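Structure file coords_30.tsv; described as TSV, C-alpha atoms and all ligand atoms.
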chain	number	residue	atom	x	y	z
Z	1	MET	CA	21.37	18.21	13.83
Z	2	THR	CA	21.96	20.94	11.21
Z	3	PRO	CA	18.80	21.42	9.12
Z	4	ILE	CA	19.21	20.59	5.43
Z	5	LYS	CA	18.94	23.64	3.13
Z	6	LEU	CA	16.25	23.67	0.47
Z	7	ASN	CA	15.89	25.46	-2.84
Z	8	LEU	CA	12.60	27.29	-2.27
Z	9	THR	CA	11.87	28.06	-5.94
Z	10	LYS	CA	11.86	24.33	-6.69
Z	11	LEU	CA	9.31	23.76	-3.94
Z	12	LYS	CA	6.55	26.05	-5.13
Z	13	GLY	CA	3.16	24.43	-5.72
Z	14	ARG	CA	4.24	20.86	-4.97
Z	15	VAL	CA	2.21	18.20	-3.20
Z	16	VAL	CA	3.79	16.00	-0.54
Z	17	ALA	CA	1.57	13.06	0.47
Z	18	ILE	CA	2.19	10.95	3.55
Z	19	ASP	CA	0.29	7.82	4.54
Z	20	GLY	CA	0.77	5.25	7.25
Z	21	PRO	CA	-0.97	3.42	10.07
Z	22	ALA	CA	-2.22	4.96	13.34
Z	23	GLY	CA	0.60	6.23	15.53
Z	24	SER	CA	3.32	6.09	12.86
Z	25	GLY	CA	4.10	9.79	13.46
Z	26	LYS	CA	2.33	11.19	10.40
Z	27	SER	CA	0.66	14.19	12.04
Z	28	THR	CA	3.68	15.58	13.85
Z	29	THR	CA	5.99	14.86	10.94
Z	30	ALA	CA	3.62	16.40	8.38
Z	31	ARG	CA	3.03	19.49	10.51
Z	32	LEU	CA	6.76	20.12	11.06
Z	33	LEU	CA	7.53	19.36	7.44
Z	34	ALA	CA	4.86	21.83	6.26
Z	35	SER	CA	6.34	24.48	8.52
Z	36	ARG	CA	9.88	23.83	7.17
Z	37	LEU	CA	8.69	23.97	3.56
Z	38	GLY	CA	6.37	26.96	4.05
Z	39	TYR	CA	3.44	24.76	2.96
Z	40	SER	CA	0.00	24.30	4.38
Z	41	TYR	CA	-0.78	21.11	6.25
Z	42	LEU	CA	-3.81	18.94	5.54
Z	43	ASP	CA	-4.69	16.42	8.25
Z	44	THR	CA	-7.25	14.24	6.45
Z	45	GLY	CA	-7.75	12.03	9.53
Z	46	ALA	CA	-8.90	15.12	11.46
Z	47	MET	CA	-11.65	15.55	8.86
Z	48	TYR	CA	-12.95	11.99	9.41
Z	49	ARG	CA	-12.64	12.55	13.15
Z	50	ALA	CA	-14.61	15.83	12.97
Z	51	LEU	CA	-17.34	14.09	11.02
Z	52	THR	CA	-17.43	11.26	13.57
Z	53	TYR	CA	-17.65	13.73	16.44
Z	54	PHE	CA	-20.48	15.61	14.74
Z	55	ALA	CA	-22.37	12.37	14.05
Z	56	LEU	CA	-22.06	11.13	17.64
Z	57	ARG	CA	-23.18	14.52	18.98
Z	58	ASN	CA	-26.24	14.41	16.73
Z	59	ALA	CA	-27.18	10.81	17.55
Z	60	ILE	CA	-26.27	9.54	14.09
Z	61	SER	CA	-24.96	6.01	14.16
Z	62	PRO	CA	-21.44	5.31	12.75
Z	63	SER	CA	-23.11	2.55	10.71
Z	64	ASP	CA	-25.66	4.91	9.06
Z	65	GLY	CA	-23.89	5.56	5.74
Z	66	GLU	CA	-26.83	7.47	4.24
Z	67	LYS	CA	-27.03	10.10	7.01
Z	68	LEU	CA	-23.25	10.34	7.25
Z	69	LYS	CA	-23.05	11.05	3.55
Z	70	VAL	CA	-25.46	13.97	3.96
Z	71	ILE	CA	-23.38	15.50	6.77
Z	72	ALA	CA	-20.14	14.91	4.85
Z	73	LYS	CA	-21.63	16.79	1.91
Z	74	LYS	CA	-23.36	19.63	3.71
Z	75	VAL	CA	-21.50	20.39	6.92
Z	76	PRO	CA	-18.38	22.54	6.46
Z	77	ILE	CA	-15.07	21.37	7.87
Z	78	GLU	CA	-12.32	23.98	8.10
Z	79	PHE	CA	-8.78	24.32	9.37
Z	80	GLU	CA	-6.99	27.30	10.87
Z	81	THR	CA	-3.28	27.30	11.67
Z	82	HIS	CA	-1.91	29.69	14.27
Z	83	GLU	CA	1.68	29.47	15.46
Z	84	ASP	CA	1.99	25.87	14.28
Z	85	VAL	CA	-1.23	24.79	16.03
Z	86	ASN	CA	-3.71	23.32	13.61
Z	87	ARG	CA	-7.31	23.95	14.71
Z	88	VAL	CA	-10.24	22.02	13.24
Z	89	PHE	CA	-13.79	23.36	12.94
Z	90	ILE	CA	-16.98	21.58	11.97
Z	91	ASN	CA	-20.04	23.70	11.34
Z	92	GLY	CA	-18.09	26.61	12.85
Z	93	GLU	CA	-17.41	24.78	16.14
Z	94	ASP	CA	-13.78	24.39	17.24
Z	95	VAL	CA	-13.45	20.62	17.84
Z	96	THR	CA	-9.64	20.42	17.92
Z	97	GLN	CA	-9.59	18.71	21.32
Z	98	GLU	CA	-12.85	16.82	21.14
Z	99	ILE	CA	-11.87	14.86	18.02
Z	100	ARG	CA	-8.99	13.21	19.93
Z	101	SER	CA	-11.30	11.61	22.53
Z	102	GLN	CA	-11.36	7.85	22.99
Z	103	GLU	CA	-15.00	7.81	21.89
Z	104	VAL	CA	-14.24	9.45	18.54
Z	105	THR	CA	-11.09	7.33	18.08
Z	106	SER	CA	-12.99	4.11	18.56
Z	107	HIS	CA	-15.73	5.00	16.02
Z	108	VAL	CA	-13.79	6.83	13.32
Z	109	SER	CA	-12.67	3.73	11.40
Z	110	GLU	CA	-16.29	2.66	10.96
Z	111	VAL	CA	-17.39	6.12	9.84
Z	112	SER	CA	-14.50	6.44	7.37
Z	113	ALA	CA	-15.19	3.05	5.80
Z	114	HIS	CA	-18.41	4.22	4.03
Z	115	TYR	CA	-17.90	4.68	0.31
Z	116	ASP	CA	-20.09	7.80	-0.01
Z	117	VAL	CA	-18.48	9.42	3.01
Z	118	ARG	CA	-15.05	8.91	1.45
Z	119	ARG	CA	-16.20	10.30	-1.86
Z	120	GLU	CA	-17.36	13.53	-0.27
Z	121	MET	CA	-14.24	13.85	1.88
Z	122	VAL	CA	-11.86	13.14	-0.99
Z	123	ALA	CA	-13.57	15.87	-3.05
Z	124	LYS	CA	-13.16	18.34	-0.15
Z	125	GLN	CA	-9.51	17.33	0.29
Z	126	ARG	CA	-8.75	17.79	-3.40
Z	127	ARG	CA	-10.31	21.25	-3.29
Z	128	MET	CA	-8.12	22.11	-0.29
Z	129	GLY	CA	-5.01	20.89	-2.13
Z	130	ARG	CA	-5.84	22.45	-5.48
Z	131	LYS	CA	-3.15	25.12	-5.30
Z	132	GLY	CA	-0.40	22.76	-4.16
Z	133	SER	CA	2.31	23.80	-1.67
Z	134	ILE	CA	0.73	21.33	0.70
Z	135	VAL	CA	1.69	18.40	2.91
Z	136	ALA	CA	-1.28	16.04	3.17
Z	137	GLU	CA	-1.38	13.01	5.44
Z	138	GLY	CA	-3.77	10.17	6.10
Z	139	ARG	CA	-4.47	6.66	4.83
Z	140	ASP	CA	-5.21	7.24	1.13
Z	141	THR	CA	-3.48	10.52	0.28
Z	142	THR	CA	-0.74	8.71	-1.69
Z	143	THR	CA	-3.08	6.24	-3.40
Z	144	VAL	CA	-6.36	8.12	-4.02
Z	145	VAL	CA	-6.63	11.75	-2.95
Z	146	PHE	CA	-3.28	12.88	-4.41
Z	147	ALA	CA	-2.38	9.82	-6.47
Z	148	ASP	CA	-0.22	12.13	-8.62
Z	149	ALA	CA	1.59	13.77	-5.67
Z	150	ASP	CA	5.13	15.01	-6.36
Z	151	ILE	CA	6.50	12.83	-3.58
Z	152	LYS	CA	4.87	10.02	-1.60
Z	153	ILE	CA	5.98	8.79	1.80
Z	154	TYR	CA	4.74	5.73	3.68
Z	155	LEU	CA	5.54	6.06	7.40
Z	156	ASP	CA	5.59	2.91	9.49
Z	157	ALA	CA	6.62	1.82	13.00
Z	158	SER	CA	6.21	-1.28	15.16
Z	159	VAL	CA	2.89	-1.80	16.98
Z	160	ARG	CA	4.67	-1.54	20.37
Z	161	GLU	CA	6.30	1.79	19.47
Z	162	ARG	CA	3.04	3.19	18.08
Z	163	ALA	CA	1.14	2.11	21.22
Z	164	GLN	CA	3.78	3.79	23.39
Z	165	ARG	CA	3.36	7.04	21.44
Z	166	ARG	CA	-0.44	6.89	21.81
Z	167	LEU	CA	-0.06	6.28	25.54
Z	168	LEU	CA	1.96	9.50	25.83
Z	169	ASP	CA	-0.59	11.41	23.72
Z	170	MET	CA	-3.42	10.16	25.94
Z	171	ALA	CA	-1.49	11.06	29.11
Z	172	ARG	CA	-1.08	14.60	27.75
Z	173	LEU	CA	-4.86	14.73	27.32
Z	174	GLY	CA	-5.24	13.54	30.92
Z	175	VAL	CA	-6.64	10.12	29.89
Z	176	SER	CA	-5.40	7.13	31.86
Z	177	THR	CA	-4.93	3.95	29.81
Z	178	THR	CA	-2.43	1.08	29.53
Z	179	LEU	CA	0.09	-0.02	26.92
Z	180	GLU	CA	-1.85	-3.27	26.40
Z	181	GLU	CA	-5.09	-1.35	25.76
Z	182	GLN	CA	-3.36	0.91	23.26
Z	183	GLU	CA	-1.72	-2.05	21.49
Z	184	ALA	CA	-5.08	-3.77	21.16
Z	185	GLU	CA	-6.71	-0.56	19.90
Z	186	ILE	CA	-3.93	0.04	17.35
Z	187	GLN	CA	-4.18	-3.53	16.06
Z	188	ARG	CA	-7.96	-3.21	15.78
Z	189	ARG	CA	-7.67	0.05	13.80
Z	190	ASP	CA	-4.87	-1.36	11.60
Z	191	ARG	CA	-7.13	-4.26	10.74
Z	192	LEU	CA	-10.15	-2.05	9.99
Z	193	ASP	CA	-8.16	0.57	8.03
Z	194	SER	CA	-6.25	-1.93	5.90
Z	195	THR	CA	-8.96	-4.51	5.22
Z	196	ARG	CA	-11.89	-2.21	4.41
Z	197	GLU	CA	-13.34	-2.38	0.93
Z	198	ASN	CA	-13.04	1.32	0.08
Z	199	SER	CA	-9.55	2.81	-0.26
Z	200	PRO	CA	-7.83	0.59	2.31
Z	201	LEU	CA	-4.47	1.69	3.70
Z	202	THR	CA	-1.81	0.32	1.34
Z	203	LYS	CA	1.73	1.26	0.36
Z	204	ALA	CA	1.70	3.07	-2.97
Z	205	ARG	CA	4.16	1.40	-5.35
Z	206	ASP	CA	6.03	4.67	-5.82
Z	207	ALA	CA	6.13	5.65	-2.13
Z	208	PHE	CA	9.32	5.91	-0.08
Z	209	VAL	CA	8.90	3.72	3.00
Z	210	VAL	CA	10.26	5.31	6.17
Z	211	ASP	CA	10.34	3.17	9.33
Z	212	THR	CA	10.14	5.57	12.27
Z	213	THR	CA	10.48	2.98	15.08
Z	214	SER	CA	13.92	4.16	16.09
Z	215	LEU	CA	13.85	7.69	14.64
Z	216	THR	CA	13.18	10.89	16.56
Z	217	ILE	CA	10.63	13.30	15.11
Z	218	GLU	CA	13.46	15.63	14.03
Z	219	GLY	CA	15.20	12.62	12.47
Z	220	GLN	CA	12.06	11.71	10.50
Z	221	VAL	CA	11.62	15.26	9.23
Z	222	GLU	CA	15.27	15.59	8.17
Z	223	HIS	CA	15.14	12.20	6.44
Z	224	ILE	CA	12.05	13.22	4.45
Z	225	ILE	CA	13.62	16.61	3.63
Z	226	SER	CA	16.65	14.77	2.23
Z	227	LEU	CA	14.31	12.65	0.05
Z	228	ILE	CA	12.46	15.79	-1.09
Z	229	ARG	CA	15.75	17.42	-2.01
Z	230	GLU	CA	16.67	14.42	-4.12
Z	231	VAL	CA	13.29	14.20	-5.88
Z	232	PHE	CA	12.70	17.95	-6.44
Z	233	LYS	CA	16.14	18.80	-7.80
M	1	LIG	O1	-4.74	9.56	11.38
M	1	LIG	P1	-5.92	9.51	12.35
M	1	LIG	O2	-5.73	8.51	13.47
M	1	LIG	O3	-6.30	10.84	12.88
M	1	LIG	O4	-7.14	8.97	11.46
M	1	LIG	C1	-8.37	8.68	12.01
M	1	LIG	C2	-9.11	7.64	11.20
M	1	LIG	O5	-9.57	8.20	9.99
M	1	LIG	C3	-8.33	6.39	10.84
M	1	LIG	O6	-8.62	5.32	11.72
M	1	LIG	C4	-8.79	6.03	9.46
M	1	LIG	C5	-9.46	7.27	8.94
M	1	LIG	N1	-8.76	7.90	7.83
M	1	LIG	C6	-9.06	7.47	6.57
M	1	LIG	O7	-9.82	6.54	6.41
M	1	LIG	N2	-8.51	8.09	5.49
M	1	LIG	C7	-7.66	9.09	5.65
M	1	LIG	N3	-7.13	9.68	4.58
M	1	LIG	C8	-7.31	9.55	6.94
M	1	LIG	C9	-7.87	8.91	8.03
Can you present the structure in this file as structure tokens?
Ligand code: DC
Amino acid sequence: MTPIKLNLTKLKGRVVAIDGPAGSGKSTTARLLASRLGYSYLDTGAMYRALTYFALRNAISPSDGEKLKVIAKKVPIEFETHEDVNRVFINGEDVTQEIRSQEVTSHVSEVSAHYDVRREMVAKQRRMGRKGSIVAEGRDTTTVVFADADIKIYLDASVRERAQRRLLDMARLGVSTTLEEQEAEIQRRDRLDSTRENSPLTKARDAFVVDTTSLTIEGQVEHIISLIREVFK
């Protein structure tokens, strides 16, 4: 596939926001897209995961909204990108691998559902995106965090396809699990993420919906680049 050419002067300072359910391909797509555009990449889910990891390590319950709010406010979360690898730090500790564990994954939806936690995280995310030239992805980047983004994408894929992708991710991390377990986990997270009271996952009215079920990662990126070219001309 020949990569689509882009007019770089038209790209400066823009915000690209991508939302979608777990396993829809947001992270990989956003990372590659950021690299193609020369933008920074903001993985908002990694921030909720880092907070969840920190809470579990410090014996703070995922249901304790008050204590979680304090950590969300006080404990720094930072990103560093080296050669396309996005590293995440909380309180100076590199937690890039730890935040992908099954334990963090199964508690993060509960942690991220607290109103005060979201408020703190959204403020941090807006500060990180202040200068633009950023691709942000998550569950509420198109509807709340960057509600005025220059382009909004909603990525989707079937539950089966998303579970298959998670299974591969877990295998890469050396975790043995089954397709059925991953399907059940994805359905549980879909339910929690889209039915919660605070900023549930929804399709923004002005978002382009991209179904990735039968697209390769390169195909997804090129498709979004073609949309960007149309919108930013
Ligand atoms: O994209 P992910 O699987 O790394 O996200 C982890 C969790 O964080 C997800 O279950 C919901 C939550 N999340 C959120 O509530 N808002 C965001 N903007 C990003 C993620």
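The shell of residues at most 9 Å from Z:Val75, with all atoms listed in the file counted and near chain neighbours (fewer than 2 positions) removed, consists of Leu51, Val70, Ile71, Ala72, Lys73, Ile77, Ile90 and Asn91 of chain Z.
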With the cut-off set at 8 Å and counting all atoms listed in the file, tabulate each residue of chain Z with an atom at most that distance from an atom of ligand LIG 1 (chain M), showing the nearest atom pair and its distance in Å to one decimal, ordered by chain and increasing number, as a tab-separated table.
residue	atom	partner	partner_atom	distance
Z:Asp19	CA	M:LIG1	N3	7.6
Z:Pro21	CA	M:LIG1	O1	7.3
Z:Ala22	CA	M:LIG1	O2	5.0
Z:Gly23	CA	M:LIG1	O2	7.0
Z:Lys26	CA	M:LIG1	O1	7.3
Z:Ser27	CA	M:LIG1	O1	7.1
Z:Asp43	CA	M:LIG1	O3	7.4
Z:Thr44	CA	M:LIG1	C8	4.7
Z:Gly45	CA	M:LIG1	C9	3.5
Z:Ala46	CA	M:LIG1	O3	5.2
Z:Met47	CA	M:LIG1	C8	7.6
Z:Tyr48	CA	M:LIG1	O5	5.1
Z:Arg49	CA	M:LIG1	C1	5.9
Z:Arg100	CA	M:LIG1	O3	7.9
Z:Thr105	CA	M:LIG1	C1	6.8
Z:Val108	CA	M:LIG1	C2	5.2
Z:Ser109	CA	M:LIG1	O6	4.4
Z:Ser112	CA	M:LIG1	O7	4.8
Z:Ala113	CA	M:LIG1	O7	6.4
Z:Arg118	CA	M:LIG1	O7	7.6
Z:Glu137	CA	M:LIG1	N3	6.7
Z:Gly138	CA	M:LIG1	C8	3.7
Z:Arg139	CA	M:LIG1	N3	4.0
Z:Asp140	CA	M:LIG1	N3	4.6
Z:Thr141	CA	M:LIG1	N3	5.7
Z:Val145	CA	M:LIG1	N3	7.8
Z:Arg189	CA	M:LIG1	O6	5.7
Z:Asp190	CA	M:LIG1	O6	7.7
Z:Leu192	CA	M:LIG1	O6	7.7
Z:Asp193	CA	M:LIG1	C4	5.7
Z:Ser199	CA	M:LIG1	O7	7.6
Z:Pro200	CA	M:LIG1	O7	7.5
Z:Leu201	CA	M:LIG1	O7	7.7
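Distances to Z:Leu167 were evaluated for Z:Val15, Z:Ile217, Z:Glu197, Z:Gln182 using only C-alpha atoms, and the minimum falls at Z:Gln182.
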Worksheet item: Nearest to Z:Asp206 among Z:Phe89, Z:Phe54, Z:Tyr154, Z:Tyr39, with distances taken over only C-alpha atoms: which residue is it?
Response: Z:Tyr154
Item to complete: Can you work out which one of Z:His114, Z:Arg172, Z:Lys233, Z:Arg191 has the shortest atom-to-atom distance to Z:Gln97, counting all atoms listed in the file?
Response: Z:Arg172
Long-range neighbours of Z:Leu215 as a PDB file with C-alpha atoms, in the coordinates of the input, 12 Å cut-off, all atoms listed in the file, 5 positions minimum in chain:
ATOM      1  CA  SER Z  24       3.320   6.090  12.860  1.00  0.00           C
ATOM      2  CA  GLY Z  25       4.100   9.790  13.460  1.00  0.00           C
ATOM      3  CA  THR Z  29       5.990  14.860  10.940  1.00  0.00           C
ATOM      4  CA  LEU Z 155       5.540   6.060   7.400  1.00  0.00           C
ATOM      5  CA  ASP Z 156       5.590   2.910   9.490  1.00  0.00           C
ATOM      6  CA  ALA Z 157       6.620   1.820  13.000  1.00  0.00           C
ATOM      7  CA  SER Z 158       6.210  -1.280  15.160  1.00  0.00           C
ATOM      8  CA  GLU Z 161       6.300   1.790  19.470  1.00  0.00           C
ATOM      9  CA  VAL Z 210      10.260   5.310   6.170  1.00  0.00           C
ATOM     10  CA  GLN Z 220      12.060  11.710  10.500  1.00  0.00           C
ATOM     11  CA  VAL Z 221      11.620  15.260   9.230  1.00  0.00           C
ATOM     12  CA  GLU Z 222      15.270  15.590   8.170  1.00  0.00           C
ATOM     13  CA  HIS Z 223      15.140  12.200   6.440  1.00  0.00           C
ATOM     14  CA  ILE Z 224      12.050  13.220   4.450  1.00  0.00           C
TER      15      ILE Z 224
END
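Between atom CA of Z:Ala171 and atom CA of Z:Ala184 the separation is 17.2 Å.
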Mind working out the centre and edge lengths of an axis-aligned box for stretch 36-54 of chain Z, all listed atoms inside, 6 Å added to each side, rounded to one decimal in Å and written as AutoDock Vina command-line options?
--center_x -5.3 --center_y 19.1 --center_z 9.7 --size_x 42.4 --size_y 27.7 --size_z 25.5
Worksheet item: Using only C-alpha atoms, which residues sit within 7 Å of Z:Glu183 once same-chain residues fewer than 3 positions away are excluded, as a PyMOL selection string?
Response: chain Z and resi 159-160+163+179-180+186-187
Discussion item. From the options Z:Arg119, Z:Arg130, Z:Lys124, Z:Lys10, which residue's atoms come nearest to Z:Asn198, counting only C-alpha atoms?
Written reply: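 That would be Z:Arg119, the residue with the smallest distance to Z:Asn198.
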Item to complete: Identify which of the residues Z:Thr52, Z:Ser40, Z:Thr81, Z:Gln125 lies closest to Z:Leu68, counting all atoms listed in the file when measuring atom-to-atom distances.
Response: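 Residue with the minimum atom-to-atom distance to Z:Leu68: Z:Thr52.
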Item to complete: Select, from Z:Ala34, Z:Gly132, Z:Thr202, Z:Asp84, the residue with the minimum atom-to-atom distance to Z:Ile225, counting all atoms listed in the file.
Response: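 Of the candidates, the smallest distance to Z:Ile225 is held by Z:Ala34.
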Discussion item. Could you tell me how far atom CA of Z:Lys203 sits from atom CA of Z:Gly20, in Å to one decimal place?
Written reply: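 Interatomic distance, atom CA of Z:Gly20 to atom CA of Z:Lys203: 8.0 Å.
Separating atom CA of Z:Ile151 from atom CA of Z:Val16 is a distance of 5.2 Å.
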Worksheet entry | Spatial neighbours of Z:Ile4, max dist 12 Å, all atoms listed in the file, sep filter under 2 positions, as a ChimeraX atom specification | /Z:1-2,6-7,33,36-37,218-219,221-230
